[in-house]
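Colleague: Quick one: the structure is below, and I'll ask about it shortly.
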Amino acid sequence: MKAAVLNFPGSNCAEDLLWAVGPIAGAHAEIVPATATDLTGYDLVLVPGGFSYGDYLRSGAIAKFAPVMPALRAFAEAGGYVLGICNGFQILTEAGLLPGALQWNRDLTFICEPEPLVVENATTAFTRRYTAGQVITLPIAHGEGNYYADDATLTALEAHHQVVLRYQHNPNGSCRDIAGITNEAGNVMGMMPHPERAVEALLGGTDGLGMFESLMEVCDGAYA
Amino acid sequence: MYKAKIFVNYKPSVLDPKATVIQQTLTRLGQTNVDSVMVGKYFELVLQGNEAAVNEQVAKLCSEMLANVNMETYRYTLEEVEA
Amino acid sequence: MYKAKIFVNYKPSVLDPKATVIQQTLTRLGQTNVDSVMVGKYFELVLQGNEAAVNEQVAKLCSEMLANVNMETYRYTLEEVEA
Amino acid sequence: MAPTPEQIKRERLYEPLGLTTAEYDRFAELLGRLPNYTEMGLQSGMWSEHCSYKYSKPILKTFWTHNERVVMGPGEGAGVIDIGDGMAVVFKAESHNHPSAVEPYEGAATGVGGIIRDIFSIGAKPVASLDSLAFGSDFTPHNQQLIDQVVAGIGGYGNSIGIPTIGGEVQFDASYQQNPLVNAMCVGVMPKSALQKGAAAGAGNAIIYVGAMTGRDGINGASFASSEFTDEAADRSAVQVGDPFMEKLLTDACLEVTRDHRAALVGMQDMGAAGLVSSSAEMASKAGYGVTLNLDLIPQREPNMTPFEIMLSESQERMLLCVKAGHEAEILAVFAEYDLEAVVCGRVTADGQYRLYHHDELVCDIPVTALTDAVPTYTTTPRIPAALAHPAPDFVPVVADATATLQALLALPNIASKRALFSRYDAQVQTNTVVLPGDDAGVIRVRGTHKALAVTTDSNGRLLALDPYRGGAMTVCEAAANLIATGATPLGITDCLNYGDPRKPEVYYMLQESARGITEATRAWNTPVVSGNVSLYNETSGEAIAPTPMIGMVGLIDDLSAITTVGFKQAGDVVYLVGQTGDDFNGSSLQFLQTGQYAGRITGFDLPTAVATGQAVLTAIQAHLVTACHDLSDGGLAAGLVEMAASNVLGARLTTSLTNAQLFAETPGRFLVTVAPADVAAFEALVPQATRLGPVGGNQLCIDTCDGGVNAPIADLIQTQQEALAWQLA
Ligand SMILES: Nc1ncnc2c1ncn2[C@@H]1O[C@H](COP(=O)(O)OP(=O)(O)O)[C@@H](O)[C@H]1O
Ligand SMILES: [Mg+2]
């Protein structure tokens, strides 16, 4: 699997993702700046967490105008796998690659805590190493992670099994406890929790590794 | 040259945490006469160009950048200003 | 019952990173006709009471909660509304 | 029009800027003429306590600052200590008390931003932040808002820039009600070879300005931070807004310059207090050179700024570099890559003069040293405060119901968990955090090695108020104990000295005595002071805060597998108390609970014993004989047990010969540890100071004492400890 980790000015989790996907999960990964205009040749594009362009207007609102965005859109439309984490999720919704929006947490405070999550759909390219209903614990670290979509959108998301991860104890007020979704085609996923922060026992857990291993299994055929 | 005054608001169906927190705080402080709180954003942009062009540009800016139309609505006015 | 429309802005000397980033992005996108960008907050509150009391309450709310008078200024209007 | 030199002298216009007549006269003598308005303004910034340390230098000189590991001690942006493998750790702390009192969010945020610049200006990648906070104990709506906004500001900056906040502390005491303390610490890691200093040497070399544009924000901030604030309205203009996005770009760009363009770079320094003047004058002074700046080239956010304003502005996110002549384009290109504005704004000169041009006019022409080395230092004749000379009688508590007392103690804001506050900080970005906030110290691994760094901040104003000498020493010991509890060997410290007006004999006494205590303890632990910061004039309406030296300590863990945490791990593990417990209740939380105040002399502290106990525990941890470890502080043994029970909700069944009251004694220098049954004999042989209390396990915390004891469902105790603060702040 060859993965690109996008790096927007103000992203601060690109290096963390590179470390998780590369040295830890064992895939080939490299940082690609937001000025890149071509993403061909990659199997997976990761959109990292952080505060792109400071996120002063609204999370992800400025990043959607970055030079790389047309290439990202083309990559997704061609069926390439895209995973947006935290700010990456916000960017994908702002860019219209995923439905809904992320607004301020219910209590208006930034939250950094490990959160138990239920894997709702274990058939996606991102979650096939988990089992349906499995509870995994991943850290969250966000101020604007409160997922919102109108009722029609939510109903459609559920009908098409696009809700992949739900919070067990909804920490931020997200509609229907949603922590992560895919697009209808299933090749673009966004999630607020940080799987790249849960890939080493030394740092408190390895529940996030399954996401990267799932993608490697899909991209490389078999993953030992 | 035109000055655009732009208001961005949550759609009524969206529960706004900022408004909720303000309302809760007011209640806690005993100010129970406040029936509703709405929190929005306000932008003022000064743009060069003729009215039609500026109007089109501002509308696009609002829908693509200043507001997230999934959860927000916007409205704006234009007024001519001296250079 | 009165509706208060409240505008809160940075004082002119205060650095506003929000406005700066918006302006820079517009420039990057080739929209160089935007001379200035100002970002503020807008609130609408509906309050029960007579005009004088509401006026006093809103002024206090603005200076103590909605605006940070160290670096922001505020202005507001009141208009009577139906219950 | 600026006032004329004669007018300045006649109308004493230097006084509102914090200069005395003697200081003004001395400056005029150094110049050989009367200073103009710009020059006098530069003097006011540079001669302020914040920049010159004129009252604290004599005290700081007494600190012990060097041992075999210290690469760079105080005097530069930050201190540097060797950690082996060709690597070094860089750290410093800074106070932002006054700005945070005036504008809590931005004051706290820019405090974090400022200390980060000190770290990367040395050439180190910032890898961790800590925050030491002190607030009033009366939770009025104003205080609640202050607490909320300070915490939001620290998180707002740190989370955004992507540096994990892995530790810190929050204290509540009446003396901070009007004067909160906001101290921030930053830690960086770098190859030793990348070290760079803030010097401007070599005639003809370029001075480059980079970062945010200069505005009128924070003008006179340096003099403002150094004088007691009484006139609220006047202080309000000093507010600066932080831009963490800009700082992220600056960090990355400056680190690229120090890494890849060493040959071109002469020196680099951040613009902190007294902005452009202090950075440029200090860089030139350190190197023994002069500097000429053209102010028209300085990027300005507002029109019509005067030289005074440009030079003294404290706009954030700005750096000053000295670059070899001929290499300007190379460096400017690096900044352009990051979309940062950078300009060559001046040159180094050989004659030691400080010259400024504005609109083609020479507006300042004075010796650099008149701004730096020439600043006088002052001492005050100390006087022991009456309350210390005649301490209250020893407090003798009566504890009939130890369970109820424990419940009440756990709900005190100073003892309750601070999770509701620190969970608003991103503690994991950079994915190196091994031990998260909430333990005794934060721990991060050093990538590419088998090492980790442990960091803590500690301060204890209420103890120093009773005994500055012992309190100072005990604060250092508490920091060391927190590091040891994770398995780290203490390396060195940074400090923030938060005190009142040093011209008062009693305040000066406190300062001097606590420095003496700190020095003695740092020598005993072999932890020199490598950097620090002073915040004086923490007074409102003539009342000083409790003397509060904040100690930030860094320790080294050589073996990742030896990292130890606070929580009980396994039922059956044996709990030991290490160190003797006495009737030490003066200044304790129990005294506060029962009498509403802290009073009496400080008893039970013996520095050599504290060091020996700590070292024995560390040896046992490093020998892998310990499964959990916690140093005892506020609330004593009983509170410590609940903290250990919390992470895995495990109770314990313990027996001790202590009294009920002694469960809450705060005899310093003690630890609680757990040991796996198989290791009990080896542990006891290694740590003779240890007393066996009983096994971990069950749902109850049971402690049998000689006159009763504690018996309660552990879940209840944990709930009180975990949630009490959130309830009180809601
Ligand atoms: N402001 C803060 N920021 C980050 N962490 C904090 C803060 N306050 C408390 N903590 C965390 O809580 C732990 C326990 O706090 P405290 O009881 O003061 O520690 P100790 O008594 O061990 O010094 C600290 O070591 C730290 O990890
Ligand atoms: Mg401790």
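The way I read the labels, and the way they are meant: chains A, B, ... in the order of the structure tokens, residue 1 as the first residue of every chain, and ligand 1 as the first ligand shown, with later ones counted on from there.
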Which residues are near ligand 2 in this structure, taking near to mean any atom at most 9 Å from a ligand atom and counting only C-alpha atoms and all ligand atoms? Format them as a list in words.
Modeller: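 After applying the 9 Å limit, what remains is Asp439, Asp440, Ala441, Thr456, Asp458, Glu478, Ala479, Ala481, Asn482, Leu483, Ala485, Val566, His630, Asp631, Leu632, Ser633, Asp634 and Gly640 of chain D.
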Colleague: Check every residue of chain D for an atom within 12 Å of chain B, counting only C-alpha atoms, and provide those that qualify as a ChimeraX atom specification.
Modeller: /D:140-142,144-145,730
Colleague: Go ahead and save the picked residues with all heavy atoms, as an mmCIF file, in the first residue's frame.
Modeller:
```cif
data_model
loop_
_atom_site.group_PDB
_atom_site.id
_atom_site.type_symbol
_atom_site.label_atom_id
_atom_site.label_comp_id
_atom_site.auth_asym_id
_atom_site.auth_seq_id
_atom_site.Cartn_x
_atom_site.Cartn_y
_atom_site.Cartn_z
ATOM 1 N N THR D 140 -16.365 32.856 42.739
ATOM 2 C CA THR D 140 -17.335 33.851 42.275
ATOM 3 C C THR D 140 -17.513 33.670 40.762
ATOM 4 O O THR D 140 -16.648 33.072 40.108
ATOM 5 C CB THR D 140 -16.800 35.260 42.521
ATOM 6 O OG1 THR D 140 -15.543 35.376 41.831
ATOM 7 C CG2 THR D 140 -16.564 35.525 44.000
ATOM 8 N N PRO D 141 -18.611 34.197 40.206
ATOM 9 C CA PRO D 141 -18.765 34.086 38.750
ATOM 10 C C PRO D 141 -17.557 34.652 38.001
ATOM 11 O O PRO D 141 -17.099 34.074 37.019
ATOM 12 C CB PRO D 141 -20.024 34.914 38.472
ATOM 13 C CG PRO D 141 -20.803 34.857 39.746
ATOM 14 C CD PRO D 141 -19.790 34.792 40.844
ATOM 15 N N HIS D 142 -17.015 35.750 38.499
ATOM 16 C CA HIS D 142 -15.843 36.323 37.833
ATOM 17 C C HIS D 142 -14.669 35.366 37.860
ATOM 18 O O HIS D 142 -13.968 35.159 36.866
ATOM 19 C CB HIS D 142 -15.461 37.658 38.486
ATOM 20 C CG HIS D 142 -14.187 38.228 37.941
ATOM 21 N ND1 HIS D 142 -12.965 38.035 38.525
ATOM 22 C CD2 HIS D 142 -13.945 38.937 36.818
ATOM 23 C CE1 HIS D 142 -12.032 38.615 37.801
ATOM 24 N NE2 HIS D 142 -12.601 39.174 36.755
ATOM 25 N N GLN D 144 -14.785 32.099 38.224
ATOM 26 C CA GLN D 144 -15.083 30.935 37.382
ATOM 27 C C GLN D 144 -14.783 31.237 35.919
ATOM 28 O O GLN D 144 -14.208 30.437 35.187
ATOM 29 C CB GLN D 144 -16.556 30.547 37.510
ATOM 30 C CG GLN D 144 -16.867 29.903 38.844
ATOM 31 C CD GLN D 144 -18.310 29.453 38.919
ATOM 32 O OE1 GLN D 144 -19.153 29.914 38.155
ATOM 33 N NE2 GLN D 144 -18.600 28.559 39.829
ATOM 34 N N GLN D 145 -15.179 32.427 35.509
ATOM 35 C CA GLN D 145 -14.948 32.839 34.129
ATOM 36 C C GLN D 145 -13.450 32.956 33.850
ATOM 37 O O GLN D 145 -12.956 32.548 32.809
ATOM 38 C CB GLN D 145 -15.632 34.193 33.918
ATOM 39 C CG GLN D 145 -15.269 34.882 32.626
ATOM 40 C CD GLN D 145 -16.472 34.985 31.715
ATOM 41 O OE1 GLN D 145 -17.525 34.410 32.006
ATOM 42 N NE2 GLN D 145 -16.335 35.688 30.620
ATOM 43 N N ALA D 730 -19.092 24.384 38.219
ATOM 44 C CA ALA D 730 -20.203 24.417 37.267
ATOM 45 C C ALA D 730 -21.202 25.518 37.626
ATOM 46 O O ALA D 730 -21.389 25.845 38.787
ATOM 47 C CB ALA D 730 -20.902 23.078 37.242
#
```
Colleague: Using only C-alpha atoms, find which residues of chain A lie within 10 Å of chain B and jot them down as a count of residues only.
Modeller: 28
Colleague: Could you work out which residues of chain A fall inside 10 Å of chain D? Count only C-alpha atoms, and format the result as a count of residues only.
Modeller: 40
Colleague: Any idea what's packed within 6 Å of segment 3-9 of chain B, counting only C-alpha atoms, ignoring anything in its chain fewer than 2 positions away? Could you give it as a tab-separated table (two decimals) with N, CA, C and O atoms, in the first residue's frame?
Modeller:
```tsv
chain	number	residue	atom	x	y	z
B	40	GLY	N	-24.58	34.59	15.97
B	40	GLY	CA	-24.18	34.51	14.57
B	40	GLY	C	-22.85	35.17	14.33
B	40	GLY	O	-22.19	35.63	15.27
B	41	LYS	N	-22.45	35.17	13.07
B	41	LYS	CA	-21.20	35.85	12.70
B	41	LYS	C	-21.54	37.02	11.81
B	41	LYS	O	-22.54	37.00	11.08
B	42	TYR	N	-20.71	38.01	11.88
B	42	TYR	CA	-20.93	39.22	11.10
B	42	TYR	C	-19.64	39.60	10.40
B	42	TYR	O	-18.57	39.62	11.01
B	43	PHE	N	-19.72	39.81	9.11
B	43	PHE	CA	-18.52	40.18	8.33
B	43	PHE	C	-18.78	41.50	7.61
B	43	PHE	O	-19.89	41.75	7.16
B	44	GLU	N	-17.75	42.30	7.50
B	44	GLU	CA	-17.82	43.45	6.63
B	44	GLU	C	-16.67	43.38	5.65
B	44	GLU	O	-15.50	43.33	6.07
B	45	LEU	N	-16.99	43.36	4.37
B	45	LEU	CA	-15.96	43.33	3.34
B	45	LEU	C	-16.10	44.58	2.48
B	45	LEU	O	-17.22	44.99	2.18
B	46	VAL	N	-14.98	45.15	2.11
B	46	VAL	CA	-15.03	46.26	1.16
B	46	VAL	C	-14.44	45.75	-0.16
B	46	VAL	O	-13.34	45.19	-0.17
B	72	GLU	N	-25.72	26.36	8.11
B	72	GLU	CA	-25.86	27.80	8.30
B	72	GLU	C	-26.60	28.44	7.13
B	72	GLU	O	-26.62	27.91	6.02
B	73	THR	N	-27.21	29.58	7.42
B	73	THR	CA	-27.77	30.40	6.35
B	73	THR	C	-27.06	31.75	6.40
B	73	THR	O	-26.45	32.09	7.41
B	74	TYR	N	-27.17	32.49	5.30
B	74	TYR	CA	-26.54	33.81	5.31
B	74	TYR	C	-27.46	34.81	4.63
B	74	TYR	O	-28.37	34.45	3.88
B	75	ARG	N	-27.24	36.08	4.94
B	75	ARG	CA	-27.88	37.15	4.20
B	75	ARG	C	-26.91	38.31	4.20
B	75	ARG	O	-26.03	38.40	5.07
B	76	TYR	N	-27.04	39.17	3.20
B	76	TYR	CA	-26.10	40.30	3.17
B	76	TYR	C	-26.75	41.49	2.50
B	76	TYR	O	-27.75	41.38	1.80
B	77	THR	N	-26.15	42.66	2.76
B	77	THR	CA	-26.55	43.88	2.06
B	77	THR	C	-25.31	44.50	1.46
B	77	THR	O	-24.19	44.28	1.95
B	78	LEU	N	-25.51	45.23	0.38
B	78	LEU	CA	-24.39	45.95	-0.23
B	78	LEU	C	-24.68	47.43	-0.14
B	78	LEU	O	-25.80	47.86	-0.35
B	79	GLU	N	-23.68	48.21	0.18
B	79	GLU	CA	-23.90	49.65	0.06
B	79	GLU	C	-22.65	50.28	-0.55
B	79	GLU	O	-21.52	49.86	-0.29
```
Colleague: Taking 4 positions as the minimum chain separation for residues in the same chain, which residues sit within 8 Å of Leu590 of chain D when counting only C-alpha atoms? Answer as an MDAnalysis selection string.
Modeller: chainID D and resid 397 409 585 594 635 664:665
Colleague: How would the residues just chosen look if you wrote them out with all heavy atoms as a PDB file, in the first residue's frame?
Modeller:
```
ATOM      1  N   PRO D 397      -4.889  18.163  65.521  1.00  0.00           N
ATOM      2  CA  PRO D 397      -6.216  17.804  65.030  1.00  0.00           C
ATOM      3  C   PRO D 397      -6.836  16.655  65.824  1.00  0.00           C
ATOM      4  O   PRO D 397      -6.128  15.863  66.432  1.00  0.00           O
ATOM      5  CB  PRO D 397      -5.952  17.346  63.599  1.00  0.00           C
ATOM      6  CG  PRO D 397      -4.551  16.833  63.634  1.00  0.00           C
ATOM      7  CD  PRO D 397      -3.810  17.621  64.679  1.00  0.00           C
ATOM      8  N   LEU D 409     -12.015  15.931  52.668  1.00  0.00           N
ATOM      9  CA  LEU D 409     -10.729  16.378  52.119  1.00  0.00           C
ATOM     10  C   LEU D 409     -10.667  16.203  50.610  1.00  0.00           C
ATOM     11  O   LEU D 409     -10.154  17.053  49.886  1.00  0.00           O
ATOM     12  CB  LEU D 409      -9.584  15.576  52.748  1.00  0.00           C
ATOM     13  CG  LEU D 409      -8.975  16.098  54.035  1.00  0.00           C
ATOM     14  CD1 LEU D 409      -7.946  15.099  54.545  1.00  0.00           C
ATOM     15  CD2 LEU D 409      -8.301  17.461  53.803  1.00  0.00           C
ATOM     16  N   PHE D 585       1.120  18.668  60.955  1.00  0.00           N
ATOM     17  CA  PHE D 585      -0.200  19.161  60.528  1.00  0.00           C
ATOM     18  C   PHE D 585      -0.223  20.653  60.247  1.00  0.00           C
ATOM     19  O   PHE D 585      -1.215  21.153  59.721  1.00  0.00           O
ATOM     20  CB  PHE D 585      -1.240  18.834  61.613  1.00  0.00           C
ATOM     21  CG  PHE D 585      -1.387  17.361  61.870  1.00  0.00           C
ATOM     22  CD1 PHE D 585      -0.911  16.784  63.041  1.00  0.00           C
ATOM     23  CD2 PHE D 585      -1.987  16.548  60.908  1.00  0.00           C
ATOM     24  CE1 PHE D 585      -1.047  15.427  63.262  1.00  0.00           C
ATOM     25  CE2 PHE D 585      -2.130  15.179  61.133  1.00  0.00           C
ATOM     26  CZ  PHE D 585      -1.653  14.615  62.310  1.00  0.00           C
ATOM     27  N   GLN D 594     -10.235  21.897  58.960  1.00  0.00           N
ATOM     28  CA  GLN D 594     -10.787  22.013  60.309  1.00  0.00           C
ATOM     29  C   GLN D 594     -10.770  23.434  60.858  1.00  0.00           C
ATOM     30  O   GLN D 594     -11.546  23.750  61.745  1.00  0.00           O
ATOM     31  CB  GLN D 594     -10.037  21.062  61.259  1.00  0.00           C
ATOM     32  CG  GLN D 594     -10.212  19.594  60.855  1.00  0.00           C
ATOM     33  CD  GLN D 594      -9.812  18.615  61.947  1.00  0.00           C
ATOM     34  OE1 GLN D 594      -9.046  18.969  62.847  1.00  0.00           O
ATOM     35  NE2 GLN D 594     -10.312  17.393  61.863  1.00  0.00           N
ATOM     36  N   GLY D 635      -3.135  16.152  51.592  1.00  0.00           N
ATOM     37  CA  GLY D 635      -4.081  15.148  52.065  1.00  0.00           C
ATOM     38  C   GLY D 635      -3.407  13.895  52.593  1.00  0.00           C
ATOM     39  O   GLY D 635      -4.086  12.982  53.079  1.00  0.00           O
ATOM     40  N   PHE D 664      -3.656  11.735  57.653  1.00  0.00           N
ATOM     41  CA  PHE D 664      -3.740  12.975  56.879  1.00  0.00           C
ATOM     42  C   PHE D 664      -2.548  13.897  57.128  1.00  0.00           C
ATOM     43  O   PHE D 664      -2.531  15.032  56.639  1.00  0.00           O
ATOM     44  CB  PHE D 664      -5.046  13.711  57.241  1.00  0.00           C
ATOM     45  CG  PHE D 664      -6.252  12.829  57.143  1.00  0.00           C
ATOM     46  CD1 PHE D 664      -6.835  12.262  58.267  1.00  0.00           C
ATOM     47  CD2 PHE D 664      -6.784  12.520  55.888  1.00  0.00           C
ATOM     48  CE1 PHE D 664      -7.936  11.420  58.157  1.00  0.00           C
ATOM     49  CE2 PHE D 664      -7.885  11.677  55.779  1.00  0.00           C
ATOM     50  CZ  PHE D 664      -8.466  11.127  56.917  1.00  0.00           C
ATOM     51  N   ALA D 665      -1.569  13.426  57.899  1.00  0.00           N
ATOM     52  CA  ALA D 665      -0.372  14.238  58.150  1.00  0.00           C
ATOM     53  C   ALA D 665       0.353  14.457  56.824  1.00  0.00           C
ATOM     54  O   ALA D 665       0.307  13.600  55.939  1.00  0.00           O
ATOM     55  CB  ALA D 665       0.545  13.530  59.132  1.00  0.00           C
TER      56      ALA D 665
END
```
Colleague: I'd like the neighbourhood of Glu56 of chain C as a count of residues only, where a residue qualifies if any of its atoms comes within 12 Å (using only C-alpha atoms), though same-chain residues fewer than 4 positions away should be ignored.
Modeller: 12
Colleague: Give the answer as one residue: which of C:Ala19, C:Ala53, C:Met38, C:Met1 has the shortest atom-to-atom distance to chain B, using only C-alpha atoms?
Modeller: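 Result for the nearest residue to chain B: C:Met38.
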Colleague: Between D:Lys418, D:Arg318, D:Lys9, D:Arg69, which has the minimum distance to ligand 1 (counting only C-alpha atoms and all ligand atoms)?
Modeller: D:Lys418
Colleague: Please measure the separation of atom CA of Val476 of chain D and atom CA of Thr405 of chain D, giving the value in Å to one decimal.
Modeller: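 So the answer is 28.8 Å.
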Colleague: Name the closest residue to chain C among the candidates B:Ala83, B:Ala59, B:Val34, B:Val54; distances are taken between atoms, counting only C-alpha atoms.
Modeller: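 Of B:Ala83, B:Ala59, B:Val34, B:Val54, the one nearest chain C is B:Val34, counting only C-alpha atoms.
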Colleague: So which bits of segment 70-185 of chain A end up strand (DSSP E) when you DSSP the backbone, as a PyMOL selection string?
Modeller: chain A and resi 81-85+101-103+111-119+135-142+146-148+163-167+178-182
Colleague: Generate a file of the selected residues that holds N, CA and C atoms, formatted as a short mmCIF file (atom, residue, chain, number, x, y, z; two decimals), in the first residue's frame.
Modeller:
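New file result.cif:
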```cif
data_model
loop_
_atom_site.label_atom_id
_atom_site.label_comp_id
_atom_site.auth_asym_id
_atom_site.auth_seq_id
_atom_site.Cartn_x
_atom_site.Cartn_y
_atom_site.Cartn_z
N TYR A 81 -8.95 5.37 -1.89
CA TYR A 81 -9.35 5.44 -0.49
C TYR A 81 -8.87 6.74 0.15
N VAL A 82 -9.78 7.38 0.85
CA VAL A 82 -9.46 8.63 1.55
C VAL A 82 -9.92 8.50 3.00
N LEU A 83 -9.01 8.79 3.93
CA LEU A 83 -9.39 8.76 5.34
C LEU A 83 -9.06 10.11 5.97
N GLY A 84 -10.07 10.80 6.44
CA GLY A 84 -9.87 12.09 7.11
C GLY A 84 -10.07 11.91 8.60
N ILE A 85 -9.10 12.36 9.37
CA ILE A 85 -9.15 12.19 10.82
C ILE A 85 -9.18 13.55 11.50
N ALA A 101 -21.77 18.24 8.78
CA ALA A 101 -20.84 19.27 9.22
C ALA A 101 -20.47 19.00 10.67
N LEU A 102 -19.37 19.64 11.10
CA LEU A 102 -18.94 19.47 12.48
C LEU A 102 -18.97 20.81 13.17
N GLN A 103 -19.75 20.87 14.21
CA GLN A 103 -19.85 22.15 14.91
C GLN A 103 -19.26 22.03 16.30
N ILE A 111 -12.02 18.70 24.08
CA ILE A 111 -11.99 17.48 24.90
C ILE A 111 -10.87 16.57 24.43
N CYS A 112 -10.00 16.19 25.35
CA CYS A 112 -8.96 15.21 25.05
C CYS A 112 -9.14 14.06 26.03
N GLU A 113 -9.72 12.97 25.55
CA GLU A 113 -10.01 11.81 26.42
C GLU A 113 -10.03 10.56 25.55
N PRO A 114 -9.72 9.41 26.14
CA PRO A 114 -9.97 8.16 25.42
C PRO A 114 -11.48 7.92 25.40
N GLU A 115 -12.01 7.51 24.25
CA GLU A 115 -13.46 7.28 24.16
C GLU A 115 -13.74 5.87 23.64
N PRO A 116 -14.60 5.14 24.31
CA PRO A 116 -15.03 3.85 23.76
C PRO A 116 -15.97 4.07 22.57
N LEU A 117 -15.74 3.32 21.51
CA LEU A 117 -16.52 3.46 20.27
C LEU A 117 -17.04 2.10 19.86
N VAL A 118 -18.23 2.09 19.31
CA VAL A 118 -18.77 0.84 18.78
C VAL A 118 -18.53 0.81 17.28
N VAL A 119 -17.94 -0.28 16.81
CA VAL A 119 -17.75 -0.45 15.37
C VAL A 119 -19.09 -0.93 14.80
N VAL A 135 -16.24 -3.11 20.61
CA VAL A 135 -15.98 -1.80 21.23
C VAL A 135 -14.47 -1.56 21.24
N ILE A 136 -14.05 -0.48 20.64
CA ILE A 136 -12.63 -0.13 20.64
C ILE A 136 -12.49 1.24 21.33
N THR A 137 -11.31 1.48 21.89
CA THR A 137 -11.08 2.76 22.56
C THR A 137 -10.04 3.56 21.79
N LEU A 138 -10.45 4.74 21.36
CA LEU A 138 -9.53 5.63 20.65
C LEU A 138 -9.59 7.00 21.32
N PRO A 139 -8.46 7.72 21.32
CA PRO A 139 -8.49 9.06 21.90
C PRO A 139 -9.22 10.05 20.98
N ILE A 140 -9.95 10.96 21.58
CA ILE A 140 -10.43 12.11 20.83
C ILE A 140 -9.68 13.34 21.32
N ALA A 141 -9.58 14.34 20.48
CA ALA A 141 -8.93 15.60 20.85
C ALA A 141 -9.46 16.67 19.91
N HIS A 142 -10.59 17.24 20.27
CA HIS A 142 -11.17 18.24 19.38
C HIS A 142 -12.08 19.21 20.13
N ASN A 146 -18.71 17.94 16.97
CA ASN A 146 -20.12 17.65 17.19
C ASN A 146 -20.78 17.49 15.82
N TYR A 147 -21.00 16.23 15.43
CA TYR A 147 -21.47 15.96 14.06
C TYR A 147 -22.92 16.37 13.89
N TYR A 148 -23.16 17.14 12.82
CA TYR A 148 -24.52 17.55 12.52
C TYR A 148 -24.87 17.22 11.07
N VAL A 163 -22.77 4.86 8.63
CA VAL A 163 -22.28 5.16 9.99
C VAL A 163 -21.38 4.00 10.40
N VAL A 164 -20.10 4.30 10.56
CA VAL A 164 -19.11 3.26 10.81
C VAL A 164 -18.76 3.16 12.29
N LEU A 165 -18.64 4.31 12.94
CA LEU A 165 -18.28 4.34 14.36
C LEU A 165 -19.25 5.21 15.13
N ARG A 166 -19.70 4.69 16.28
CA ARG A 166 -20.52 5.52 17.16
C ARG A 166 -19.88 5.59 18.55
N TYR A 167 -20.05 6.75 19.19
CA TYR A 167 -19.59 6.89 20.58
C TYR A 167 -20.47 6.08 21.50
N ILE A 178 -22.74 9.85 16.35
CA ILE A 178 -21.86 9.51 15.22
C ILE A 178 -20.43 9.98 15.45
N ALA A 179 -19.48 9.04 15.29
CA ALA A 179 -18.06 9.36 15.45
C ALA A 179 -17.32 9.24 14.12
N GLY A 180 -17.88 8.45 13.19
CA GLY A 180 -17.21 8.28 11.91
C GLY A 180 -18.17 7.77 10.85
N ILE A 181 -18.04 8.28 9.62
CA ILE A 181 -18.93 7.87 8.52
C ILE A 181 -18.12 7.65 7.25
N THR A 182 -18.75 6.97 6.30
CA THR A 182 -18.16 6.92 4.96
C THR A 182 -19.11 7.62 3.99
#
```
Colleague: What is the atom CA of Thr691 of chain D to atom CA of Val578 of chain D distance in Å?
Modeller: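 Rounded to one decimal, the two atoms are 6.2 Å apart.
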Colleague: Might you pull out every residue within 12 Å of Ala78 of chain A, with only C-alpha atoms counted and same-chain residues fewer than 3 positions away left off, and present them as a list in words?
Modeller: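 Here the qualifying residues turn out to be Leu39, Thr40, Gly41, Tyr42, Asp43, Leu44, Ala71, Leu72, Arg73, Ala74, Phe75, Tyr81, Val82, Ala185, Asn187 and Val188 of chain A.
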Colleague: With C-alpha atoms retained, export the selected residues as a short mmCIF file (atom, residue, chain, number, x, y, z; two decimals), in the first residue's frame.
Modeller:
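As a result, result-v3.cif now contains:
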```cif
data_model
loop_
_atom_site.label_atom_id
_atom_site.label_comp_id
_atom_site.auth_asym_id
_atom_site.auth_seq_id
_atom_site.Cartn_x
_atom_site.Cartn_y
_atom_site.Cartn_z
CA LEU A 39 -2.30 12.27 -6.28
CA THR A 40 -2.09 9.49 -8.82
CA GLY A 41 -0.04 6.50 -7.83
CA TYR A 42 -1.31 6.38 -4.26
CA ASP A 43 -3.72 3.78 -2.89
CA LEU A 44 -4.71 5.84 0.13
CA ALA A 71 -6.68 16.40 -7.05
CA LEU A 72 -8.17 14.95 -3.88
CA ARG A 73 -11.65 15.17 -5.35
CA ALA A 74 -10.51 13.45 -8.55
CA PHE A 75 -8.73 10.78 -6.51
CA TYR A 81 -9.35 5.44 -0.49
CA VAL A 82 -9.46 8.63 1.55
CA ALA A 185 -19.50 4.53 -2.28
CA ASN A 187 -14.16 4.73 -0.28
CA VAL A 188 -14.06 8.00 1.68
#
```
